[in-house]
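Below is model-v9.cif, which holds mmCIF, C-alpha atoms.
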data_query
#
loop_
_atom_site.label_atom_id
_atom_site.label_comp_id
_atom_site.auth_asym_id
_atom_site.auth_seq_id
_atom_site.Cartn_x
_atom_site.Cartn_y
_atom_site.Cartn_z
CA MET A 1 -14.01 4.76 0.71
CA LEU A 2 -10.39 3.76 1.42
CA ALA A 3 -9.62 2.21 4.79
CA PRO A 4 -6.42 3.07 6.68
CA GLY A 5 -3.45 0.70 6.80
CA PHE A 6 -1.16 0.00 9.75
CA ALA A 7 -1.20 2.88 12.25
CA ASP A 8 2.55 2.34 12.68
CA PRO A 9 3.69 0.90 9.32
CA VAL A 10 7.17 -0.25 10.39
CA HIS A 11 6.22 -2.03 13.61
CA GLY A 12 2.91 -3.29 12.26
CA ALA A 13 4.63 -4.94 9.29
CA GLN A 14 7.50 -6.24 11.41
CA GLY A 15 5.16 -7.76 14.00
CA THR A 16 3.12 -9.47 11.30
CA PHE A 17 6.25 -10.71 9.54
CA ARG A 18 7.55 -12.13 12.83
CA ALA A 19 4.28 -13.99 13.47
CA VAL A 20 4.32 -15.50 9.95
CA MET A 21 8.01 -16.44 10.21
CA ASP A 22 7.42 -18.20 13.51
CA ALA A 23 4.32 -19.90 12.09
CA LEU A 24 6.28 -21.31 9.13
CA ALA A 25 9.27 -22.29 11.30
CA ARG A 26 7.02 -24.21 13.73
CA PRO A 27 4.30 -25.69 11.53
CA GLY A 28 1.05 -26.27 13.36
CA LEU A 29 1.86 -24.02 16.33
CA LEU A 30 -0.65 -21.18 16.55
CA GLN A 31 0.84 -17.69 16.61
CA PRO A 32 -1.15 -14.70 17.85
CA LEU A 33 -1.71 -11.98 15.27
CA ASP A 34 -3.46 -8.73 16.06
CA ALA A 35 -2.74 -6.02 13.52
CA GLY A 36 -5.60 -3.71 14.44
CA LEU A 37 -6.74 -3.30 10.82
CA LYS A 38 -10.29 -2.67 9.61
CA PRO A 39 -10.13 -3.59 5.92
CA PRO A 40 -13.14 -3.51 3.57
CA ALA A 41 -15.27 -6.69 3.62
CA PRO A 42 -14.85 -9.49 2.63
CA LEU A 43 -11.13 -9.07 3.37
CA THR A 44 -10.40 -10.26 6.92
CA PRO A 45 -8.04 -8.25 9.20
CA GLU A 46 -5.55 -11.15 9.17
CA LEU A 47 -5.50 -11.43 5.36
CA ALA A 48 -5.07 -7.65 5.16
CA ALA A 49 -2.19 -7.69 7.68
CA LEU A 50 -0.36 -10.37 5.68
CA ALA A 51 -1.00 -8.52 2.42
CA LEU A 52 0.34 -5.24 3.81
CA ALA A 53 3.36 -6.90 5.42
CA LEU A 54 4.40 -9.28 2.62
CA THR A 55 3.35 -7.92 -0.77
CA ASP A 56 4.75 -5.07 -2.82
CA ALA A 57 5.18 -4.03 -6.44
CA ASP A 58 7.32 -7.13 -7.17
CA THR A 59 4.78 -9.72 -5.99
CA PRO A 60 1.80 -10.51 -8.24
CA VAL A 61 -1.24 -11.22 -6.07
CA TRP A 62 -4.11 -13.58 -6.93
CA LEU A 63 -7.47 -13.09 -5.19
CA ASP A 64 -10.20 -15.72 -4.98
CA ALA A 65 -13.59 -15.04 -6.56
CA GLY A 66 -15.12 -13.50 -3.43
CA LEU A 67 -12.27 -11.01 -2.97
CA ALA A 68 -11.81 -10.28 -6.67
CA ASP A 69 -15.49 -9.31 -6.97
CA SER A 70 -15.03 -6.42 -4.54
CA PRO A 71 -13.58 -3.24 -6.08
CA GLU A 72 -12.98 -1.88 -2.55
CA VAL A 73 -10.63 -4.78 -1.79
CA ALA A 74 -8.69 -4.23 -5.02
CA ALA A 75 -8.44 -0.49 -4.31
CA TYR A 76 -7.32 -1.15 -0.73
CA LEU A 77 -4.56 -3.55 -1.77
CA ARG A 78 -3.46 -1.38 -4.69
CA PHE A 79 -3.19 1.73 -2.52
CA HIS A 80 -1.45 0.19 0.47
CA THR A 81 0.82 -2.36 -1.23
CA GLY A 82 1.14 -1.36 -4.90
CA ALA A 83 1.07 -5.08 -5.74
CA PRO A 84 -0.16 -6.01 -9.24
CA LEU A 85 -3.29 -8.17 -9.19
CA THR A 86 -3.30 -11.20 -11.48
CA ASP A 87 -6.09 -13.60 -12.46
CA ASP A 88 -3.66 -16.42 -13.32
CA PRO A 89 -2.88 -18.48 -10.18
CA ALA A 90 0.26 -19.89 -11.85
CA ARG A 91 1.79 -16.38 -12.01
CA ALA A 92 0.98 -15.34 -8.45
CA ALA A 93 3.60 -14.89 -5.72
CA PHE A 94 0.83 -14.69 -3.13
CA ALA A 95 -2.75 -15.96 -3.26
CA PHE A 96 -5.36 -14.69 -0.81
CA ILE A 97 -8.30 -17.02 -0.33
CA ARG A 98 -11.34 -15.88 1.61
CA ASP A 99 -13.42 -18.96 0.87
CA PRO A 100 -11.18 -22.05 1.26
CA ALA A 101 -14.02 -24.39 0.24
CA ARG A 102 -13.82 -23.00 -3.29
CA CYS A 103 -10.02 -22.79 -3.49
CA PRO A 104 -8.61 -24.07 -6.80
CA PRO A 105 -6.44 -27.24 -6.57
CA LEU A 106 -3.01 -26.48 -5.08
CA ALA A 107 -1.38 -27.83 -8.25
CA ARG A 108 -2.82 -24.90 -10.23
CA PHE A 109 -0.63 -22.41 -8.38
CA ALA A 110 3.03 -21.70 -9.23
CA GLN A 111 5.13 -24.65 -8.03
CA GLY A 112 8.55 -23.04 -8.49
CA THR A 113 11.35 -24.49 -10.61
CA PRO A 114 14.09 -26.92 -9.53
CA ALA A 115 16.63 -24.07 -9.71
CA TYR A 116 14.33 -21.61 -7.92
CA PRO A 117 11.84 -23.49 -5.74
CA ASP A 118 11.21 -20.21 -3.88
CA SER A 119 9.41 -18.77 -6.93
CA SER A 120 6.28 -20.73 -5.98
CA THR A 121 3.02 -19.25 -4.74
CA THR A 122 2.38 -18.72 -1.03
CA LEU A 123 -1.30 -19.31 -0.27
CA VAL A 124 -2.97 -17.41 2.56
CA LEU A 125 -6.27 -18.96 3.64
CA ALA A 126 -8.87 -17.30 5.85
CA LEU A 127 -10.51 -19.93 8.08
CA ASP A 128 -13.18 -19.52 10.73
CA MET A 129 -11.15 -21.28 13.40
CA ILE A 130 -7.82 -23.02 13.93
CA ALA A 131 -7.48 -25.00 17.13
CA ASN A 132 -5.19 -27.56 18.69
CA GLY A 133 -7.36 -30.55 17.98
CA GLU A 134 -7.64 -34.05 16.67
CA ARG A 135 -8.34 -33.75 12.97
CA LEU A 136 -4.93 -33.35 11.29
CA HIS A 137 -1.64 -34.93 12.33
CA LEU A 138 1.47 -32.99 11.35
CA ALA A 139 5.06 -34.21 11.03
CA GLY A 140 8.22 -32.86 9.45
CA PRO A 141 10.97 -30.28 9.99
CA GLY A 142 10.26 -27.83 12.82
CA ILE A 143 7.75 -30.13 14.52
CA LYS A 144 8.76 -31.69 17.83
CA GLY A 145 6.55 -34.50 19.02
CA PRO A 146 2.98 -35.13 17.97
CA THR A 147 1.22 -32.02 16.69
CA ARG A 148 -2.44 -32.00 15.81
CA ILE A 149 -4.59 -29.16 14.59
CA ALA A 150 -8.24 -28.85 13.69
CA LEU A 151 -9.29 -26.53 10.88
CA THR A 152 -12.80 -25.16 10.46
CA PRO A 153 -13.84 -25.36 7.69
CA LEU A 154 -11.54 -28.05 6.27
CA PRO A 155 -11.78 -27.82 2.45
CA GLU A 156 -12.74 -31.07 0.77
CA GLY A 157 -9.77 -33.07 -0.50
CA PHE A 158 -7.37 -30.65 1.19
CA VAL A 159 -5.33 -33.36 2.93
CA ALA A 160 -4.88 -35.33 -0.30
CA GLN A 161 -3.80 -32.16 -2.08
CA LEU A 162 -1.28 -31.39 0.67
CA ALA A 163 0.15 -34.92 0.35
CA GLU A 164 0.52 -34.44 -3.41
CA ASN A 165 2.10 -31.04 -2.76
CA ARG A 166 4.65 -32.59 -0.41
CA ALA A 167 5.45 -35.40 -2.86
CA GLY A 168 6.82 -32.83 -5.30
CA PHE A 169 9.36 -31.48 -2.77
CA PRO A 170 11.41 -29.25 -3.21
CA LEU A 171 8.72 -27.88 -5.52
CA GLY A 172 5.27 -27.02 -4.19
CA VAL A 173 3.32 -24.26 -2.51
CA ASP A 174 3.47 -23.05 1.10
CA VAL A 175 0.20 -22.49 2.92
CA ILE A 176 -0.42 -19.94 5.66
CA LEU A 177 -3.63 -20.44 7.62
CA THR A 178 -5.31 -17.52 9.32
CA ALA A 179 -8.26 -17.34 11.67
CA PRO A 180 -9.45 -14.39 13.74
CA GLY A 181 -6.43 -13.36 15.87
CA ARG A 182 -4.33 -16.34 14.84
CA VAL A 183 -1.95 -17.56 12.17
CA ALA A 184 -0.41 -20.99 11.54
CA GLY A 185 1.88 -22.30 8.83
CA LEU A 186 1.83 -25.43 6.67
CA PRO A 187 5.05 -25.25 4.61
CA ARG A 188 5.61 -27.73 1.78
CA SER A 189 7.95 -29.76 4.01
CA THR A 190 5.17 -30.73 6.42
CA ALA A 191 3.49 -34.12 6.09
CA VAL A 192 -0.21 -33.88 6.91
CA THR A 193 -2.30 -36.98 7.62
CA GLU A 194 -5.86 -37.28 8.78
CA SER A 195 -6.18 -39.01 12.13
CA MET B 1 -22.09 4.59 -1.47
CA ALA B 2 -22.01 6.78 -4.55
CA THR B 3 -19.43 5.69 -7.11
CA ARG B 4 -17.24 8.42 -8.50
CA PRO B 5 -16.81 8.73 -12.24
CA LEU B 6 -13.57 7.07 -13.35
CA GLN B 7 -12.68 9.96 -15.65
CA PRO B 8 -13.19 13.27 -13.82
CA ASP B 9 -13.72 16.48 -15.71
CA PRO B 10 -10.38 17.76 -17.17
CA GLU B 11 -11.14 21.27 -15.92
CA GLU B 12 -11.61 19.91 -12.42
CA ILE B 13 -8.29 18.07 -12.65
CA ALA B 14 -6.52 21.26 -13.75
CA ALA B 15 -8.13 23.24 -10.90
CA ARG B 16 -7.13 20.60 -8.35
CA GLN B 17 -3.59 20.55 -9.72
CA ALA B 18 -3.43 24.34 -9.41
CA VAL B 19 -4.51 24.18 -5.76
CA MET B 20 -1.95 21.47 -5.01
CA ALA B 21 0.79 23.41 -6.82
CA LEU B 22 -0.08 26.40 -4.66
CA CYS B 23 0.14 24.23 -1.51
CA ALA B 24 3.58 23.03 -2.67
CA ASP B 25 4.75 26.64 -3.08
CA ALA B 26 3.30 27.81 0.23
CA ASN B 27 5.12 27.45 3.53
CA ARG B 28 3.91 25.46 6.49
CA ASP B 29 2.59 28.45 8.45
CA ASP B 30 0.39 29.55 5.54
CA LEU B 31 -1.08 26.04 5.19
CA ASP B 32 -1.55 25.78 8.94
CA ALA B 33 -3.47 29.08 8.98
CA ALA B 34 -5.61 27.97 6.02
CA VAL B 35 -6.51 24.64 7.62
CA LYS B 36 -7.28 26.32 10.97
CA ALA B 37 -9.56 28.81 9.22
CA LEU B 38 -11.52 25.95 7.61
CA ALA B 39 -11.81 23.99 10.89
CA PRO B 40 -11.95 20.54 9.24
CA PRO B 41 -13.58 17.58 11.00
CA ALA B 42 -11.37 14.87 12.48
CA VAL B 43 -8.70 13.86 9.99
CA GLU B 44 -7.59 10.22 9.87
CA ASP B 45 -4.30 9.04 8.36
CA LEU B 46 -4.77 6.51 5.55
CA ARG B 47 -1.02 6.13 5.52
CA PRO B 48 1.07 8.06 8.04
CA PRO B 49 3.22 10.74 6.32
CA GLU B 50 6.52 9.26 5.16
CA THR B 51 9.67 10.55 3.51
CA GLY B 52 11.48 8.88 0.63
CA LEU B 53 13.69 9.56 -2.35
CA VAL B 54 12.47 10.29 -5.86
CA MET B 55 14.67 10.60 -8.95
CA ALA B 56 14.24 14.11 -10.35
CA THR B 57 14.45 14.38 -14.13
CA GLY B 58 15.60 17.49 -15.95
CA ARG B 59 15.71 18.75 -19.55
CA ILE B 60 18.31 21.25 -20.77
CA GLY B 61 16.48 24.38 -21.83
CA GLY B 62 13.17 22.73 -20.98
CA ASP B 63 12.94 20.73 -24.22
CA GLY B 64 16.17 18.72 -24.47
CA ARG B 65 16.59 15.03 -23.84
CA PRO B 66 15.49 14.09 -20.32
CA PHE B 67 18.31 13.19 -17.94
CA ASN B 68 18.41 12.12 -14.31
CA LEU B 69 19.34 15.16 -12.25
CA GLY B 70 19.59 13.45 -8.88
CA GLU B 71 17.51 12.13 -6.04
CA VAL B 72 15.40 14.53 -4.00
CA SER B 73 13.62 13.92 -0.71
CA VAL B 74 9.88 13.82 -1.07
CA THR B 75 7.31 13.51 1.72
CA ARG B 76 3.89 12.07 0.96
CA ALA B 77 0.73 12.03 3.00
CA ALA B 78 -2.70 10.44 2.52
CA ILE B 79 -5.62 11.29 4.80
CA ARG B 80 -9.35 10.66 4.99
CA LEU B 81 -12.16 12.83 6.27
CA PRO B 82 -15.13 11.32 8.15
CA ASP B 83 -17.34 11.76 5.05
CA GLY B 84 -15.01 9.47 3.07
CA ALA B 85 -13.20 12.09 0.97
CA SER B 86 -9.51 11.25 0.75
CA GLY B 87 -6.71 13.74 0.15
CA PHE B 88 -3.18 13.17 -1.08
CA ALA B 89 -0.05 15.31 -1.17
CA TYR B 90 3.52 14.85 -2.34
CA HIS B 91 5.90 17.60 -1.23
CA LEU B 92 9.60 18.27 -1.77
CA GLY B 93 11.50 18.12 1.50
CA ARG B 94 10.96 16.34 4.77
CA ASP B 95 8.21 18.40 6.38
CA ARG B 96 5.62 15.77 7.30
CA THR B 97 3.31 18.26 8.99
CA LYS B 98 3.19 20.39 5.85
CA ALA B 99 2.45 17.40 3.60
CA ARG B 100 -0.37 16.33 5.91
CA LEU B 101 -1.84 19.85 5.95
CA ALA B 102 -1.75 19.93 2.14
CA ALA B 103 -3.47 16.52 1.97
CA THR B 104 -6.17 17.84 4.30
CA LEU B 105 -6.73 20.84 2.03
CA ASP B 106 -6.88 18.48 -0.99
CA ALA B 107 -9.62 16.43 0.67
CA LEU B 108 -11.58 19.55 1.66
CA TRP B 109 -11.27 21.05 -1.83
CA GLN B 110 -12.86 17.98 -3.45
CA ASP B 111 -16.19 18.79 -1.82
CA PRO B 112 -17.81 21.34 -4.18
CA ALA B 113 -19.58 22.96 -1.20
CA ARG B 114 -16.26 23.72 0.50
CA ARG B 115 -14.25 24.53 -2.63
CA ALA B 116 -14.68 28.31 -2.60
CA ARG B 117 -13.80 28.53 1.09
CA VAL B 118 -10.61 26.48 0.59
CA GLU B 119 -9.54 28.72 -2.26
CA ALA B 120 -10.31 31.84 -0.19
CA ALA B 121 -8.32 30.45 2.76
CA LEU B 122 -5.36 29.86 0.47
CA GLU B 123 -5.47 33.43 -0.89
CA PRO B 124 -2.80 34.80 1.54
CA ALA B 125 -0.54 31.85 0.68
CA ALA B 126 -0.99 32.58 -3.03
CA ARG B 127 -0.10 36.26 -2.50
CA ARG B 128 2.98 35.38 -0.50
CA ALA B 129 4.15 32.77 -3.03
CA ASP B 130 3.66 35.29 -5.82
CA ALA B 131 5.61 37.98 -3.90
CA ASP B 132 8.44 35.48 -3.23
CA ARG B 133 8.60 34.59 -6.91
CA ARG B 134 8.73 38.25 -7.95
CA GLN B 135 11.45 39.00 -5.43
CA ALA B 136 13.55 36.09 -6.62
CA ALA B 137 13.09 37.28 -10.21
CA ARG B 138 14.16 40.83 -9.20
CA ARG B 139 17.27 39.53 -7.45
CA THR B 140 18.19 37.44 -10.46
CA ALA B 141 17.59 40.36 -12.81
CA ALA B 142 19.94 42.58 -10.76
CA THR B 143 22.86 40.25 -11.46
CA ARG B 144 22.24 39.98 -15.18
CA VAL B 145 25.30 40.58 -17.36
CA GLU B 146 24.66 42.20 -20.74
CA PHE B 147 27.26 40.66 -22.99
CA LEU B 148 26.59 43.28 -25.65
CA THR B 149 28.46 45.86 -23.51
CA VAL B 150 31.74 43.93 -23.59
CA ALA B 151 32.09 44.09 -27.37
CA ARG B 152 35.75 44.08 -28.38
CA GLY B 153 36.97 47.45 -29.54
CA GLU B 154 38.29 47.35 -33.11
CA ASP B 155 41.19 49.68 -33.71
#

Represent the structure of the file as structure tokens.
Amino acid sequence: MLAPGFADPVHGAQGTFRAVMDALARPGLLQPLDAGLKPPAPLTPELAALALALTDADTPVWLDAGLADSPEVAAYLRFHTGAPLTDDPARAAFAFIRDPARCPPLARFAQGTPAYPDSSTTLVLALDMIANGERLHLAGPGIKGPTRIALTPLPEGFVAQLAENRAGFPLGVDVILTAPGRVAGLPRSTAVTES
Amino acid sequence: MATRPLQPDPEEIAARQAVMALCADANRDDLDAAVKALAPPAVEDLRPPETGLVMATGRIGGDGRPFNLGEVSVTRAAIRLPDGASGFAYHLGRDRTKARLAATLDALWQDPARRARVEAALEPAARRADADRRQAARRTAATRVEFLTVARGED
């Protein structure tokens, strides 16, 4: 049974886009995101809002094992976005990850090319909670003063992978973190250290 | 949840196409009357009706090489009934209400228990569309020029 998309497609997509843009421009600052969607499980409302706002027929989408196993999720995304689904992370423009603990290494996603670093994958992770906390220290463009965030759950080896991702600048993936009602950005320019 | 067969019966596809073609021919008032007669349960928009452009393709004489005729406005609607049946409609023009009514009829028609009632409710629309088509054919026939009558006189 198909679930409805945005009640107001233009403003729903624009509001979501604005939240994601602000999140990537100010890494680590939490942006509110309430799209009012009720997508089929295990897709979270935040992942669905980003998928509906950002993907279309030109953006191959990679789903993690939990999402790819659900035919309802594939039907939902295909109907509302028209985006082709791919099982090769290196070809994906967007990757939606419901279970960050089992996310493939960041290096397996498209890293872009020196001429077109924007052709890399944007990862969207669904976390249980993002809070202003003590675990991760962020620095880099768009960050004024000390910024710390705590992610629950924090995937194992995630900080090391982010450091490796940043070392390849301007190549590398951008990460968008979502939690119920919230979105935060970790672009490739951000240096993340554990504190 | 019951899974639908991936390949529906070809006869069913043809019947559904015929109903949707009839909805496309009918006018908004006919569809409105048909939907009111069926008194559907609450209809929910899967995707609010929206208008866009579609490239229309033509063939000279119906079997020539296809060519792009021009862009036409098309309105599409997708709705869902409380029992999970979803209906879709693509209509020429910009009448969102009409496209949504046709999508509602599509969803209702897919339930075999309601099928006969939907087709009965569309009967007046079918008669009117048929009468319109005949009238247009009569008007065209009245302007026909028989080139045989202008044969050059040989002297």

(message) List as a PyMOL selection string the protein and nucleic acid residues near Ala103 (chain B), meaning an atom at most 8 Å away when all atoms listed in the file are counted, but skip any in the same chain fewer than 5 places from it.
(response) chain B and resi 77-79+87-89

Test item: the PyMOL selection byres ((chain B) within 12 of (chain A)) resolved as a list of chain:residue names:
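Applied to this file, the PyMOL selection byres ((chain B) within 12 of (chain A)) selects B:Met1, B:Ala2, B:Thr3, B:Arg4, B:Val43, B:Glu44, B:Asp45, B:Leu46, B:Arg47, B:Pro48, B:Pro49, B:Glu50, B:Ala78, B:Ile79, B:Arg80, B:Leu81, B:Pro82, B:Asp83, B:Gly84, B:Ala85, B:Ser86, B:Gly87, B:Phe88.
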
Item to complete: Convert the output of the PyMOL selection byres ((chain B and resi 99) around 7) on the shown file into explicit residues, formatted as a list in words.
Response: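 With the shown file as input, the PyMOL selection byres ((chain B and resi 99) around 7) matches Thr75, Arg76, Ala77, Ala89, Tyr90, His91, Asp95, Arg96, Thr97, Lys98, Arg100, Leu101, Ala102 and Ala103 of chain B.
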
re CA of Asp30 (chain B) and CA of Arg127 (chain B): distance 10.5 Å

Worksheet item: Written as number ranges by chain, which residues does the PyMOL selection byres ((chain A and resi 33-39) around 9) give for the file shown?
Response: A: 2-7, 12-13, 15-16, 19-20, 31-32, 40-46, 48-49, 73, 76, 178, 180-183

- [ ] Find the distance between CA of Ala95 (chain A) and CA of Thr147 (chain A) and write it in Å to one decimal.
- [x]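 One can read the CA of Ala95 (chain A) to CA of Thr147 (chain A) distance as 25.9 Å.
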
7 Å contact set for Leu85 (chain A), all atoms listed in the file, chain neighbours under 5 positions out, as a compact mmCIF listing (two decimals) with C-alpha atoms, in the frame of the given file:
# COMPACT_ATOMS: atom_id res chain seq x y z
CA PRO A 60 1.80 -10.51 -8.24
CA VAL A 61 -1.24 -11.22 -6.07
CA TRP A 62 -4.11 -13.58 -6.93

query = Pick from B:Arg117, B:Arg138, B:Arg94, B:Arg144: nearest to Val35 (chain B), with only C-alpha atoms counted?
reply =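 Answer, going by the shortest atom-to-atom distance: B:Arg117.
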
message: Please list as a count of residues only every residue within 8 Å of Ile97 (chain A), counting all atoms listed in the file and excluding residues in the same chain fewer than 4 positions away.
response: 8

**Report entry** Non-local contacts of Leu106 (chain A) (8 Å; all atoms listed in the file; under 3 positions in same chain excluded) as a ChimeraX atom specification
**Finding:** /A:109,161-162,165,173

Please provide the set of residues having any atom within 7 Å of Ile130 (chain A), restricted to all atoms listed in the file, with same-chain residues fewer than 3 positions apart removed, written as a VMD selection string. chain A and resid 149 to 152 179

Rebuild N, CA and C atoms on region 38-57 of chain B, as a PDB file, keeping the file's coordinate frame?
ATOM      1  N   LEU B  38     -10.437  26.796   8.150  1.00  0.00           N
ATOM      2  CA  LEU B  38     -11.520  25.950   7.610  1.00  0.00           C
ATOM      3  C   LEU B  38     -12.098  25.035   8.683  1.00  0.00           C
ATOM      4  N   ALA B  39     -11.372  24.852   9.797  1.00  0.00           N
ATOM      5  CA  ALA B  39     -11.810  23.990  10.890  1.00  0.00           C
ATOM      6  C   ALA B  39     -12.352  22.664  10.387  1.00  0.00           C
ATOM      7  N   PRO B  40     -11.460  21.812   9.800  1.00  0.00           N
ATOM      8  CA  PRO B  40     -11.950  20.540   9.240  1.00  0.00           C
ATOM      9  C   PRO B  40     -12.367  19.581  10.344  1.00  0.00           C
ATOM     10  N   PRO B  41     -13.251  18.631  10.026  1.00  0.00           N
ATOM     11  CA  PRO B  41     -13.580  17.580  11.000  1.00  0.00           C
ATOM     12  C   PRO B  41     -12.364  16.692  11.227  1.00  0.00           C
ATOM     13  N   ALA B  42     -12.499  15.736  12.113  1.00  0.00           N
ATOM     14  CA  ALA B  42     -11.370  14.870  12.480  1.00  0.00           C
ATOM     15  C   ALA B  42     -10.743  14.259  11.236  1.00  0.00           C
ATOM     16  N   VAL B  43      -9.432  14.383  11.146  1.00  0.00           N
ATOM     17  CA  VAL B  43      -8.700  13.860   9.990  1.00  0.00           C
ATOM     18  C   VAL B  43      -8.028  12.562  10.407  1.00  0.00           C
ATOM     19  N   GLU B  44      -8.179  11.525   9.553  1.00  0.00           N
ATOM     20  CA  GLU B  44      -7.590  10.220   9.870  1.00  0.00           C
ATOM     21  C   GLU B  44      -6.518   9.903   8.830  1.00  0.00           C
ATOM     22  N   ASP B  45      -5.380   9.388   9.288  1.00  0.00           N
ATOM     23  CA  ASP B  45      -4.300   9.040   8.360  1.00  0.00           C
ATOM     24  C   ASP B  45      -4.643   7.741   7.644  1.00  0.00           C
ATOM     25  N   LEU B  46      -4.674   7.766   6.299  1.00  0.00           N
ATOM     26  CA  LEU B  46      -4.770   6.510   5.550  1.00  0.00           C
ATOM     27  C   LEU B  46      -3.434   5.816   5.580  1.00  0.00           C
ATOM     28  N   ARG B  47      -2.391   6.639   5.480  1.00  0.00           N
ATOM     29  CA  ARG B  47      -1.020   6.130   5.520  1.00  0.00           C
ATOM     30  C   ARG B  47      -0.251   7.240   6.193  1.00  0.00           C
ATOM     31  N   PRO B  48       0.376   6.975   7.346  1.00  0.00           N
ATOM     32  CA  PRO B  48       1.070   8.060   8.040  1.00  0.00           C
ATOM     33  C   PRO B  48       2.077   8.730   7.093  1.00  0.00           C
ATOM     34  N   PRO B  49       2.282  10.061   7.213  1.00  0.00           N
ATOM     35  CA  PRO B  49       3.220  10.740   6.320  1.00  0.00           C
ATOM     36  C   PRO B  49       4.587  10.093   6.368  1.00  0.00           C
ATOM     37  N   GLU B  50       5.209   9.922   5.207  1.00  0.00           N
ATOM     38  CA  GLU B  50       6.520   9.260   5.160  1.00  0.00           C
ATOM     39  C   GLU B  50       7.387   9.957   4.122  1.00  0.00           C
ATOM     40  N   THR B  51       8.706   9.890   4.376  1.00  0.00           N
ATOM     41  CA  THR B  51       9.670  10.550   3.510  1.00  0.00           C
ATOM     42  C   THR B  51      10.447   9.507   2.729  1.00  0.00           C
ATOM     43  N   GLY B  52      10.682   9.789   1.453  1.00  0.00           N
ATOM     44  CA  GLY B  52      11.480   8.880   0.630  1.00  0.00           C
ATOM     45  C   GLY B  52      12.226   9.656  -0.418  1.00  0.00           C
ATOM     46  N   LEU B  53      12.906   8.920  -1.305  1.00  0.00           N
ATOM     47  CA  LEU B  53      13.690   9.560  -2.350  1.00  0.00           C
ATOM     48  C   LEU B  53      13.017   9.348  -3.698  1.00  0.00           C
ATOM     49  N   VAL B  54      13.030  10.379  -4.517  1.00  0.00           N
ATOM     50  CA  VAL B  54      12.470  10.290  -5.860  1.00  0.00           C
ATOM     51  C   VAL B  54      13.522  10.819  -6.824  1.00  0.00           C
ATOM     52  N   MET B  55      13.715  10.134  -7.950  1.00  0.00           N
ATOM     53  CA  MET B  55      14.670  10.600  -8.950  1.00  0.00           C
ATOM     54  C   MET B  55      14.068  11.779  -9.701  1.00  0.00           C
ATOM     55  N   ALA B  56      14.722  12.930  -9.623  1.00  0.00           N
ATOM     56  CA  ALA B  56      14.240  14.110 -10.350  1.00  0.00           C
ATOM     57  C   ALA B  56      14.851  14.103 -11.746  1.00  0.00           C
ATOM     58  N   THR B  57      14.008  14.373 -12.741  1.00  0.00           N
ATOM     59  CA  THR B  57      14.450  14.380 -14.130  1.00  0.00           C
ATOM     60  C   THR B  57      14.495  15.815 -14.632  1.00  0.00           C
TER      61      THR B  57
END
